[in-house]
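To keep things clear, I will list the structure first and then write my remarks on it.
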Amino acid sequence: MEDLIVTKEELIRMFESGELKDSNEGWLLNGRYIEIAAIHETDPKYLHDVTNSQYYKLIQKEK
């Protein structure tokens, strides 16, 4: 799987549809563990800004 860049709305839809799942060991996408990184246009100045991003990068974890 290549890294994916998705919008905040797409990420929410993926969780709601079950395509992306939260397990005890991490996030699962199509049976593979991934990391989710927020992509900010500017550096977040406050901690609450870290989760408030318009785009997110889904990165496959190496096993």
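Every chain in the structure tokens has a letter given in the order shown (A, B, ...), and although residue numbers restart at 1 in each chain, ligands are simply numbered from 1 in the order shown.
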
| message | Residues within 9 Å of Leu11 of chain A, please, as a ChimeraX atom specification. Count only C-alpha atoms; anything in the same chain fewer than 6 positions from it doesn't count. | response | /A:20,55-56

Expected file: the selected residues, N, CA and C atoms, as a PDB file, in the first residue's frame:
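Everything below was put into again_2.pdb:
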ATOM      1  N   LEU A  20     -11.717   1.796   7.997  1.00  0.00           N
ATOM      2  CA  LEU A  20     -10.614   2.074   8.904  1.00  0.00           C
ATOM      3  C   LEU A  20     -11.097   1.771  10.312  1.00  0.00           C
ATOM      4  N   TYR A  55      -5.991  17.846   6.221  1.00  0.00           N
ATOM      5  CA  TYR A  55      -5.507  16.655   5.518  1.00  0.00           C
ATOM      6  C   TYR A  55      -4.735  15.763   6.475  1.00  0.00           C
ATOM      7  N   TYR A  56      -4.798  14.453   6.196  1.00  0.00           N
ATOM      8  CA  TYR A  56      -4.098  13.457   6.998  1.00  0.00           C
ATOM      9  C   TYR A  56      -3.401  12.485   6.078  1.00  0.00           C
TER      10      TYR A  56
END

Min atom-atom distance to Ile39 of chain A from the set A:Glu16, A:Lys21, A:Trp27, A:Leu58, counting only C-alpha atoms, belongs to A:Leu58

Worksheet entry | Residues near Glu10 of chain A, cut-off 12 Å, only C-alpha atoms, skip fewer than 2 positions along chain, as an MDAnalysis selection string | chainID A and resid 4:8 12:17 19:20 54:58

Restricting it to N, CA and C atoms, dump the selection as a tab-separated table (two decimals), in the first residue's frame.
chain	number	residue	atom	x	y	z
A	4	LEU	N	-1.33	7.25	1.72
A	4	LEU	CA	-2.50	7.96	1.20
A	4	LEU	C	-2.63	9.30	1.91
A	5	ILE	N	-3.04	10.30	1.18
A	5	ILE	CA	-3.38	11.59	1.77
A	5	ILE	C	-4.87	11.77	1.59
A	6	VAL	N	-5.57	11.95	2.72
A	6	VAL	CA	-7.03	12.07	2.69
A	6	VAL	C	-7.44	13.34	3.42
A	7	THR	N	-8.63	13.82	3.10
A	7	THR	CA	-9.17	14.97	3.80
A	7	THR	C	-9.74	14.53	5.14
A	8	LYS	N	-10.00	15.50	5.98
A	8	LYS	CA	-10.60	15.21	7.28
A	8	LYS	C	-11.94	14.50	7.10
A	12	ILE	N	-13.03	10.67	8.38
A	12	ILE	CA	-14.23	10.41	9.19
A	12	ILE	C	-15.11	9.37	8.51
A	13	ARG	N	-15.31	9.50	7.20
A	13	ARG	CA	-16.12	8.55	6.45
A	13	ARG	C	-15.53	7.15	6.51
A	14	MET	N	-14.20	7.05	6.44
A	14	MET	CA	-13.53	5.75	6.49
A	14	MET	C	-13.77	5.07	7.84
A	15	PHE	N	-13.75	5.83	8.94
A	15	PHE	CA	-14.04	5.27	10.26
A	15	PHE	C	-15.51	4.87	10.36
A	16	GLU	N	-16.40	5.72	9.88
A	16	GLU	CA	-17.84	5.44	9.97
A	16	GLU	C	-18.24	4.22	9.16
A	17	SER	N	-17.62	4.02	8.00
A	17	SER	CA	-17.96	2.88	7.15
A	17	SER	C	-17.30	1.57	7.59
A	19	GLU	N	-14.16	0.90	7.10
A	19	GLU	CA	-12.97	0.67	6.25
A	19	GLU	C	-11.69	0.85	7.08
A	20	LEU	N	-11.72	1.80	8.00
A	20	LEU	CA	-10.61	2.07	8.90
A	20	LEU	C	-11.10	1.77	10.31
A	54	GLN	N	-6.80	19.80	7.97
A	54	GLN	CA	-7.66	19.54	6.83
A	54	GLN	C	-7.26	18.25	6.09
A	55	TYR	N	-5.99	17.85	6.22
A	55	TYR	CA	-5.51	16.66	5.52
A	55	TYR	C	-4.73	15.76	6.48
A	56	TYR	N	-4.80	14.45	6.20
A	56	TYR	CA	-4.10	13.46	7.00
A	56	TYR	C	-3.40	12.49	6.08
A	57	LYS	N	-2.23	12.02	6.50
A	57	LYS	CA	-1.47	11.05	5.73
A	57	LYS	C	-1.57	9.70	6.42
A	58	LEU	N	-1.96	8.68	5.68
A	58	LEU	CA	-2.07	7.31	6.20
A	58	LEU	C	-0.83	6.57	5.75

query = Can you list every residue in segment 8-62 of chain A that DSSP puts in strand (DSSP E or B), as a list in words?
reply =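 Matching residues, listed in order: Leu20, Lys21, Asp22, Ser23, Gly26, Trp27, Leu28, Leu29, Arg32, Tyr33, Ile34, Glu35, Ile36, Ala37, Ala38, Ile39, Tyr55, Tyr56, Lys57, Leu58, Ile59 and Gln60 of chain A.
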
Given the selection you just returned, output its residues as a file containing N, CA and C atoms, formatted as a short mmCIF file (atom, residue, chain, number, x, y, z; two decimals), in the first residue's frame.
data_model
loop_
_atom_site.label_atom_id
_atom_site.label_comp_id
_atom_site.auth_asym_id
_atom_site.auth_seq_id
_atom_site.Cartn_x
_atom_site.Cartn_y
_atom_site.Cartn_z
N LEU A 20 -11.72 1.80 8.00
CA LEU A 20 -10.61 2.07 8.90
C LEU A 20 -11.10 1.77 10.31
N LYS A 21 -10.34 0.92 11.02
CA LYS A 21 -10.77 0.48 12.35
C LYS A 21 -9.69 0.76 13.38
N ASP A 22 -10.15 1.01 14.59
CA ASP A 22 -9.26 1.20 15.73
C ASP A 22 -9.21 -0.10 16.52
N SER A 23 -8.02 -0.71 16.62
CA SER A 23 -7.88 -1.95 17.39
C SER A 23 -6.99 -1.67 18.59
N GLY A 26 -3.53 -0.76 17.22
CA GLY A 26 -3.34 0.38 16.31
C GLY A 26 -4.50 0.49 15.33
N TRP A 27 -4.34 1.33 14.33
CA TRP A 27 -5.37 1.51 13.31
C TRP A 27 -5.16 0.51 12.19
N LEU A 28 -6.27 -0.09 11.74
CA LEU A 28 -6.24 -1.08 10.67
C LEU A 28 -6.95 -0.54 9.44
N LEU A 29 -6.28 -0.62 8.30
CA LEU A 29 -6.86 -0.27 7.01
C LEU A 29 -6.61 -1.44 6.07
N ARG A 32 -4.18 -4.02 7.31
CA ARG A 32 -2.79 -3.62 7.55
C ARG A 32 -2.76 -2.49 8.58
N TYR A 33 -1.77 -2.55 9.45
CA TYR A 33 -1.62 -1.49 10.45
C TYR A 33 -1.03 -0.25 9.81
N ILE A 34 -1.60 0.89 10.19
CA ILE A 34 -1.14 2.16 9.65
C ILE A 34 -0.93 3.17 10.78
N GLU A 35 -0.24 4.24 10.44
CA GLU A 35 -0.13 5.41 11.30
C GLU A 35 -0.89 6.53 10.61
N ILE A 36 -1.44 7.43 11.40
CA ILE A 36 -2.15 8.58 10.85
C ILE A 36 -1.40 9.83 11.28
N ALA A 37 -0.94 10.61 10.31
CA ALA A 37 -0.21 11.84 10.59
C ALA A 37 -0.99 13.03 10.05
N ALA A 38 -1.15 14.04 10.88
CA ALA A 38 -1.83 15.26 10.45
C ALA A 38 -0.88 16.08 9.59
N ILE A 39 -1.40 16.64 8.52
CA ILE A 39 -0.62 17.51 7.65
C ILE A 39 -1.14 18.93 7.84
N TYR A 55 -5.99 17.85 6.22
CA TYR A 55 -5.51 16.66 5.52
C TYR A 55 -4.73 15.76 6.48
N TYR A 56 -4.80 14.45 6.20
CA TYR A 56 -4.10 13.46 7.00
C TYR A 56 -3.40 12.49 6.08
N LYS A 57 -2.23 12.02 6.50
CA LYS A 57 -1.47 11.05 5.73
C LYS A 57 -1.57 9.70 6.42
N LEU A 58 -1.96 8.68 5.68
CA LEU A 58 -2.07 7.31 6.20
C LEU A 58 -0.83 6.57 5.75
N ILE A 59 -0.02 6.14 6.71
CA ILE A 59 1.28 5.54 6.43
C ILE A 59 1.29 4.09 6.90
N GLN A 60 1.62 3.18 5.99
CA GLN A 60 1.68 1.76 6.37
C GLN A 60 2.85 1.53 7.30
#

Return as a PyMOL selection string the full set of residues in chain A whose backbone-based DSSP assignment is alpha helix (DSSP H). chain A and resi 8-17
